[in-house]
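Content type TSV, C-alpha atoms, from the file start.tsv:
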chain	number	residue	atom	x	y	z
A	1	MET	CA	-1.67	-11.21	9.77
A	2	VAL	CA	-3.43	-11.68	13.08
A	3	ASP	CA	-5.40	-14.70	14.28
A	4	GLY	CA	-8.54	-13.30	15.81
A	5	PRO	CA	-10.71	-10.26	15.15
A	6	MET	CA	-10.94	-9.42	18.87
A	7	THR	CA	-7.29	-8.36	18.83
A	8	ARG	CA	-7.76	-5.77	16.11
A	9	SER	CA	-8.21	-2.05	16.63
A	10	ILE	CA	-9.25	0.81	14.41
A	11	GLU	CA	-9.10	4.55	15.04
A	12	VAL	CA	-9.18	7.83	13.13
A	13	LEU	CA	-6.98	10.83	13.85
A	14	PHE	CA	-8.79	13.90	12.59
A	15	SER	CA	-6.23	16.69	12.79
A	16	PRO	CA	-2.49	17.48	13.00
A	17	ALA	CA	-2.90	18.12	16.71
A	18	GLU	CA	-3.57	14.38	17.05
A	19	PHE	CA	-1.21	12.88	14.49
A	20	SER	CA	1.80	14.69	15.89
A	21	ALA	CA	1.46	12.45	18.97
A	22	LEU	CA	2.18	9.39	16.81
A	23	ALA	CA	5.90	10.01	17.18
A	24	GLY	CA	5.69	8.78	20.76
A	25	ARG	CA	3.66	5.63	20.06
A	26	ASP	CA	4.79	2.11	19.27
A	27	LEU	CA	3.64	1.61	15.68
A	28	SER	CA	5.52	-1.64	15.03
A	29	ARG	CA	2.26	-3.62	14.58
A	30	THR	CA	0.26	-0.77	13.07
A	31	THR	CA	-0.81	0.13	9.55
A	32	CYS	CA	-1.39	3.83	8.97
A	33	VAL	CA	-3.43	5.13	6.05
A	34	VAL	CA	-2.60	8.78	5.42
A	35	LEU	CA	-5.37	10.86	3.86
A	36	ASP	CA	-4.92	14.30	2.34
A	37	ILE	CA	-7.71	14.31	-0.19
A	38	LEU	CA	-7.36	18.00	-1.15
A	39	ARG	CA	-4.71	17.38	-2.37
A	40	ALA	CA	-1.38	15.76	-1.49
A	41	THR	CA	-2.26	12.06	-1.39
A	42	THR	CA	-4.46	12.42	-4.47
A	43	SER	CA	-1.57	14.08	-6.31
A	44	MET	CA	0.82	11.33	-5.25
A	45	MET	CA	-1.51	8.63	-6.54
A	46	THR	CA	-1.99	10.50	-9.81
A	47	ALA	CA	1.74	10.96	-10.35
A	48	LEU	CA	2.38	7.25	-9.75
A	49	ALA	CA	-0.52	6.30	-12.03
A	50	ASN	CA	0.99	8.44	-14.77
A	51	GLY	CA	4.38	6.80	-14.57
A	52	ALA	CA	6.38	8.51	-11.83
A	53	GLU	CA	8.99	6.14	-10.40
A	54	ALA	CA	8.81	7.36	-6.80
A	55	ILE	CA	7.88	10.29	-4.58
A	56	ILE	CA	10.01	11.52	-1.69
A	57	PRO	CA	7.81	13.33	0.87
A	58	VAL	CA	9.62	15.89	3.00
A	59	GLY	CA	8.39	18.28	5.64
A	60	GLU	CA	10.14	21.54	4.79
A	61	ILE	CA	11.18	23.50	1.72
A	62	PRO	CA	14.95	23.56	2.52
A	63	GLU	CA	14.95	19.76	2.74
A	64	ALA	CA	13.43	19.50	-0.74
A	65	VAL	CA	15.93	22.00	-2.17
A	66	ALA	CA	18.85	20.13	-0.58
A	67	ILE	CA	17.77	16.88	-2.26
A	68	LYS	CA	17.51	18.69	-5.59
A	69	GLN	CA	21.04	20.01	-5.18
A	70	GLN	CA	22.34	16.49	-4.55
A	71	HIS	CA	20.21	14.87	-7.27
A	72	PRO	CA	19.56	17.39	-10.07
A	73	ASP	CA	17.35	14.96	-12.02
A	74	VAL	CA	14.57	14.93	-9.42
A	75	LEU	CA	11.51	17.11	-9.87
A	76	LEU	CA	10.20	19.37	-7.11
A	77	ALA	CA	6.54	19.60	-6.16
A	78	GLY	CA	4.78	21.35	-3.34
A	79	GLU	CA	2.68	24.16	-1.99
A	80	ARG	CA	2.40	26.68	0.75
A	81	ASN	CA	-1.00	28.27	1.34
A	82	GLY	CA	-2.27	26.12	-1.53
A	83	LEU	CA	-0.01	27.67	-4.19
A	84	ARG	CA	3.08	26.39	-5.95
A	85	ILE	CA	6.36	27.14	-4.17
A	86	CYS	CA	8.23	29.88	-6.03
A	87	ALA	CA	11.87	30.93	-6.23
A	88	ASP	CA	11.43	33.75	-3.72
A	89	GLN	CA	10.47	31.14	-1.09
A	90	THR	CA	13.47	28.90	-1.75
A	91	GLY	CA	16.39	31.21	-2.35
A	92	GLY	CA	16.17	30.92	-6.11
A	93	VAL	CA	14.88	27.40	-6.91
A	94	GLU	CA	11.58	27.25	-8.79
A	95	PHE	CA	9.40	24.20	-8.11
A	96	ASP	CA	8.29	22.18	-11.12
A	97	PHE	CA	4.80	21.48	-9.80
A	98	GLY	CA	2.41	22.75	-7.20
A	99	ASN	CA	0.02	20.37	-5.47
A	100	SER	CA	-2.63	20.00	-8.16
A	101	PRO	CA	-3.08	16.39	-9.30
A	102	ARG	CA	-3.88	17.70	-12.77
A	103	GLU	CA	-0.31	18.95	-13.15
A	104	PHE	CA	1.28	15.49	-12.99
A	105	LEU	CA	0.85	14.61	-16.65
A	106	PRO	CA	2.45	11.43	-18.06
A	107	GLU	CA	4.82	13.31	-20.34
A	108	LYS	CA	6.14	15.29	-17.38
A	109	VAL	CA	6.47	12.60	-14.70
A	110	ARG	CA	7.06	9.27	-16.44
A	111	GLY	CA	10.16	7.62	-15.00
A	112	LYS	CA	10.89	10.53	-12.66
A	113	THR	CA	11.39	10.82	-8.92
A	114	ILE	CA	9.45	13.70	-7.38
A	115	VAL	CA	10.38	15.41	-4.12
A	116	MET	CA	7.21	16.79	-2.55
A	117	THR	CA	6.54	19.08	0.39
A	118	THR	CA	3.06	20.26	1.38
A	119	THR	CA	1.59	22.06	4.34
A	120	ASN	CA	0.10	18.98	6.01
A	121	GLY	CA	0.13	15.82	3.89
A	122	THR	CA	3.86	15.17	3.65
A	123	ARG	CA	4.27	15.97	7.35
A	124	ALA	CA	1.64	13.35	8.18
A	125	LEU	CA	3.50	10.76	6.15
A	126	ARG	CA	6.79	11.46	7.88
A	127	VAL	CA	5.17	11.20	11.32
A	128	CYS	CA	3.89	7.73	10.40
A	129	ALA	CA	7.26	6.53	9.07
A	130	GLN	CA	7.86	4.08	11.95
A	131	ALA	CA	4.62	2.18	11.35
A	132	GLU	CA	4.74	-1.39	10.07
A	133	SER	CA	2.99	-0.22	6.90
A	134	VAL	CA	2.03	3.25	5.65
A	135	LEU	CA	-0.50	3.49	2.82
A	136	ILE	CA	-1.36	6.48	0.64
A	137	GLY	CA	-5.11	6.98	0.90
A	138	SER	CA	-7.36	8.69	-1.63
A	139	PHE	CA	-10.81	8.30	-3.13
A	140	LEU	CA	-9.10	7.38	-6.42
A	141	ASN	CA	-7.80	4.06	-5.09
A	142	LEU	CA	-10.36	3.44	-2.35
A	143	ARG	CA	-11.27	-0.10	-3.41
A	144	ALA	CA	-7.66	-1.20	-3.89
A	145	THR	CA	-6.72	0.12	-0.45
A	146	ILE	CA	-9.67	-1.62	1.19
A	147	ASN	CA	-8.82	-4.90	-0.51
A	148	TRP	CA	-5.18	-4.65	0.64
A	149	ILE	CA	-6.29	-4.13	4.24
A	150	ARG	CA	-8.78	-7.00	4.01
A	151	ARG	CA	-5.99	-9.30	2.84
A	152	GLU	CA	-3.44	-8.21	5.44
A	153	LEU	CA	-5.85	-7.53	8.34
A	154	PRO	CA	-3.38	-5.47	10.38
A	155	ALA	CA	-3.69	-5.78	14.13
A	156	ASN	CA	-3.94	-2.01	14.51
A	157	LEU	CA	-5.29	0.32	11.86
A	158	ILE	CA	-4.98	4.10	12.14
A	159	LEU	CA	-6.55	6.38	9.55
A	160	VAL	CA	-4.58	9.62	9.66
A	161	CYS	CA	-6.43	12.68	8.36
A	162	SER	CA	-3.93	15.37	7.40
A	163	GLY	CA	-6.42	18.16	8.05
A	164	THR	CA	-6.35	21.83	7.16
A	165	ILE	CA	-3.61	23.89	8.83
A	166	ASP	CA	-4.11	22.66	12.42
A	167	GLN	CA	-7.78	21.66	12.14
A	168	ALA	CA	-9.82	18.70	10.94
A	169	ALA	CA	-10.83	18.62	7.25
A	170	LEU	CA	-14.23	17.42	6.05
A	171	GLU	CA	-12.84	15.73	2.94
A	172	ASP	CA	-10.34	13.65	4.91
A	173	THR	CA	-13.00	12.71	7.45
A	174	LEU	CA	-15.26	11.49	4.64
A	175	ALA	CA	-12.48	9.36	3.14
A	176	ALA	CA	-11.76	7.88	6.57
A	177	GLY	CA	-15.47	7.19	6.95
A	178	ALA	CA	-15.59	5.40	3.61
A	179	LEU	CA	-12.74	3.14	4.71
A	180	CYS	CA	-14.33	2.50	8.11
A	181	GLU	CA	-17.69	1.65	6.58
A	182	ARG	CA	-16.30	-1.00	4.25
A	183	LEU	CA	-13.82	-2.44	6.73
A	184	TRP	CA	-16.29	-2.54	9.62
A	185	PRO	CA	-17.01	-6.30	9.49
A	186	HIS	CA	-13.31	-6.96	10.14
A	187	TYR	CA	-12.88	-4.50	13.02
A	188	ALA	CA	-16.28	-3.94	14.67
A	189	SER	CA	-15.78	-6.77	17.20
A	190	GLY	CA	-12.36	-5.47	18.20
A	191	GLN	CA	-11.27	-2.21	19.81
A	192	VAL	CA	-13.13	0.52	17.98
A	193	ALA	CA	-12.26	4.11	18.83
A	194	ASP	CA	-15.13	6.58	18.96
A	195	SER	CA	-13.34	8.51	16.22
A	196	ALA	CA	-13.82	5.57	13.83
A	197	GLU	CA	-17.49	5.36	14.76
A	198	ILE	CA	-17.91	9.10	14.13
A	199	ALA	CA	-16.27	8.92	10.69
A	200	ARG	CA	-18.27	5.82	9.72
A	201	ARG	CA	-21.55	7.54	10.57
A	202	ILE	CA	-20.76	10.81	8.78
A	203	TYR	CA	-19.81	9.29	5.42
A	204	PRO	CA	-23.26	7.84	4.48
A	205	LEU	CA	-24.84	11.25	5.02
A	206	LEU	CA	-22.76	12.84	2.24
A	207	GLN	CA	-21.53	10.00	0.03
A	208	THR	CA	-24.07	10.50	-2.77
A	209	ASP	CA	-22.73	13.98	-3.61
A	210	LEU	CA	-19.08	14.35	-2.67
A	211	PRO	CA	-18.52	17.33	-5.02
A	212	GLY	CA	-21.44	19.06	-3.32
A	213	ALA	CA	-20.04	18.24	0.11
A	214	MET	CA	-16.79	19.96	-0.86
A	215	LYS	CA	-18.66	23.26	-1.06
A	216	HIS	CA	-18.91	23.05	2.73
A	217	SER	CA	-15.26	22.12	3.23
A	218	ARG	CA	-12.76	24.84	4.10
A	219	ASN	CA	-10.26	23.42	1.62
A	220	GLY	CA	-12.95	22.86	-0.98
A	221	GLN	CA	-14.20	26.44	-0.74
A	222	ARG	CA	-10.66	27.80	-1.06
A	223	LEU	CA	-9.99	25.78	-4.19
A	224	LEU	CA	-13.39	26.45	-5.75
A	225	ASN	CA	-12.78	30.17	-5.36
A	226	HIS	CA	-9.49	29.93	-7.26
A	227	PRO	CA	-10.16	29.87	-11.04
A	228	GLU	CA	-7.10	27.77	-11.89
A	229	LEU	CA	-7.54	25.28	-9.04
A	230	ARG	CA	-11.30	24.71	-8.85
A	231	GLY	CA	-11.02	21.73	-11.21
A	232	ASP	CA	-9.00	19.93	-8.54
A	233	VAL	CA	-12.07	19.54	-6.33
A	234	HIS	CA	-14.02	17.29	-8.69
A	235	PHE	CA	-10.84	15.44	-9.64
A	236	CYS	CA	-10.01	14.60	-6.03
A	237	VAL	CA	-13.39	13.11	-5.11
A	238	GLN	CA	-13.58	10.69	-8.04
A	239	ARG	CA	-13.99	7.24	-6.54
A	240	GLU	CA	-12.08	4.09	-7.48
A	241	THR	CA	-10.47	5.10	-10.75
A	242	LEU	CA	-7.08	3.59	-9.89
A	243	GLY	CA	-6.46	-0.11	-9.29
A	244	PHE	CA	-3.28	-0.08	-7.22
A	245	VAL	CA	-2.03	0.56	-3.70
A	246	ALA	CA	0.88	2.85	-2.85
A	247	GLY	CA	2.86	3.16	0.33
A	248	LEU	CA	5.78	4.75	2.11
A	249	GLN	CA	8.82	2.49	1.96
A	250	LYS	CA	11.49	2.16	4.64
A	251	ASP	CA	13.86	4.16	2.43
A	252	GLY	CA	11.49	7.13	2.65
A	253	THR	CA	10.06	6.89	-0.87
A	254	VAL	CA	6.43	6.44	-1.87
A	255	ARG	CA	5.97	3.75	-4.51
A	256	LYS	CA	3.36	1.43	-5.94
A	257	LEU	CA	2.89	-1.63	-3.74
A	258	ALA	CA	0.41	-3.81	-5.57
A	259	CYS	CA	-1.82	-3.79	-8.60
A	260	GLU	CA	-5.43	-4.96	-8.43
A	261	THR	CA	-7.06	-4.73	-11.83
A	262	PRO	CA	-6.51	-2.36	-14.75
A	263	ALA	CA	-8.21	0.90	-13.81
A	264	SER	CA	-10.68	2.35	-16.25
A	265	SER	CA	-8.94	5.71	-16.12
A	266	SER	CA	-5.46	5.13	-14.77
A	267	ASP	CA	-4.15	7.76	-17.14
A	268	THR	CA	-5.90	10.72	-15.55
A	269	SER	CA	-4.31	13.33	-17.73
A	270	GLY	CA	-7.38	13.99	-19.82
A	271	MET	CA	-9.73	15.17	-17.08
A	272	ASP	CA	-9.14	18.92	-17.08
A	273	ALA	CA	-6.48	21.33	-18.19
A	274	PRO	CA	-3.76	21.60	-15.55
A	275	PRO	CA	-3.42	24.83	-13.61
A	276	SER	CA	-0.64	27.19	-14.62
A	277	ALA	CA	0.27	28.08	-11.06

Produce structure tokens that represent the structure in this file.
Amino acid sequence: MVDGPMTRSIEVLFSPAEFSALAGRDLSRTTCVVLDILRATTSMMTALANGAEAIIPVGEIPEAVAIKQQHPDVLLAGERNGLRICADQTGGVEFDFGNSPREFLPEKVRGKTIVMTTTNGTRALRVCAQAESVLIGSFLNLRATINWIRRELPANLILVCSGTIDQAALEDTLAAGALCERLWPHYASGQVADSAEIARRIYPLLQTDLPGAMKHSRNGQRLLNHPELRGDVHFCVQRETLGFVAGLQKDGTVRKLACETPASSSDTSGMDAPPSA
């Protein structure tokens, strides 16, 4: 907790080209919120909502396979090029899940630890690991995340957009803008990066139709054109269905941090049929 609003700062990192530089920064008094709306952070929140004990984010496939070999009870989740990681990519180990939030059904994940590797989202989390706090950001738990930040009022707040490949992603920018807009009274009189101002001004332009906005997103278009994955798009832009905050712990696991109020749809398994691949 800090004493005065003038000491606070807020910024948005839009793409992997920016967040990779975090490794060289002092993050000891910084809270990072990692956003990978389509789909890693949304999938993490869904898995935890449906009873998963913890998620271990890793950067590369061999790292995930090595953990599975040491701990056979863990489940493996992840994607490359948007699709579930298959045995021919791992040397024979089939992943249990891809990166669709609709796959993480209660009967499959309850009480389990999930090792996850994705193209951008899990890398972003690992880069932020030295921060004082690292939160998992999604539209699903937007209100809970905002309320946590309002209570803690971190001196430095960085919203880390995981992006698409090496570029910015519209959906992550919109989520960052939603956070900026509702946290603005607490940070506007401090050090505000232009990136935060940009995100805050973009969000109101598109907030009334997020599913429609996804038709103009590179990630959104890719998923909408895939018959088994198009349902993920609507799922991922649902706002404030989960009433808890999740974060990356110092032991490298993602777990629930705090519970706000019972969410109206915390069991998200009934939204759409999960994809088969």

**Q.** Within 10 Å of A:Ala246 using all atoms listed in the file, minus same-chain residues under 5 positions, as a ChimeraX atom specification
**A.** /A:41,44-45,48-49,54,134-137,141,144-145,254-259

Contacts between stretch 169-183 of chain A and stretch 3-64 of chain A, please, where a residue of stretch 3-64 of chain A counts if it comes within 8 Å (with only C-alpha atoms); show its shortest atom pair and distance in Å to one decimal, rows by chain and ascending number, as a Markdown table.
| residue | atom | partner | partner_atom | distance |
| --- | --- | --- | --- | --- |
| A:Val12 | CA | A:Ala176 | CA | 7.0 |
| A:Phe14 | CA | A:Thr173 | CA | 6.7 |
| A:Ser15 | CA | A:Ala169 | CA | 7.5 |
| A:Leu35 | CA | A:Asp172 | CA | 5.8 |
| A:Asp36 | CA | A:Asp172 | CA | 6.0 |
| A:Ile37 | CA | A:Asp172 | CA | 5.8 |
| A:Leu38 | CA | A:Glu171 | CA | 7.2 |

Q | Radius query 12 Å about (-14.6, 25.6, -3.1), atoms used: only C-alpha atoms, as an MDAnalysis selection string | A | chainID A and resid 38 171 211:234

(Q) One number please: atom CA of A:Leu22 to atom CA of A:Gly82, in Å, one decimal. (A)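 Spanning atom CA of A:Leu22 to atom CA of A:Gly82 is a straight-line distance of 25.2 Å.
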
Q) Taking into account only C-alpha atoms, which residue in the set A:Arg39, A:Arg151, A:Arg110, A:Arg143 is nearest to A:Gly98? A) A:Arg39

Q | Long-range neighbours of A:Gln130 as a PyMOL selection string, 9 Å cut-off, only C-alpha atoms, 3 positions minimum in chain | A | chain A and resi 23+26-28+126-127+133-134+250

Q) So, counting all atoms listed in the file, which residue among A:Leu153, A:Gly91, A:Thr117, A:Val65 is closest to A:Pro185? A) A:Leu153

Q.
List as a ChimeraX atom specification the protein and nucleic acid residues near A:Thr118, meaning an atom at most 12 Å away when all atoms listed in the file are counted, but skip any in the same chain fewer than 5 places from it.
A. /A:36,38-41,43-44,56-61,63-64,76-85,97-100,123-126,162-165

(Q) One number please: atom CA of A:Lys108 to atom CA of A:Leu142, in Å, one decimal. (A)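 These two atoms are separated by 25.3 Å.
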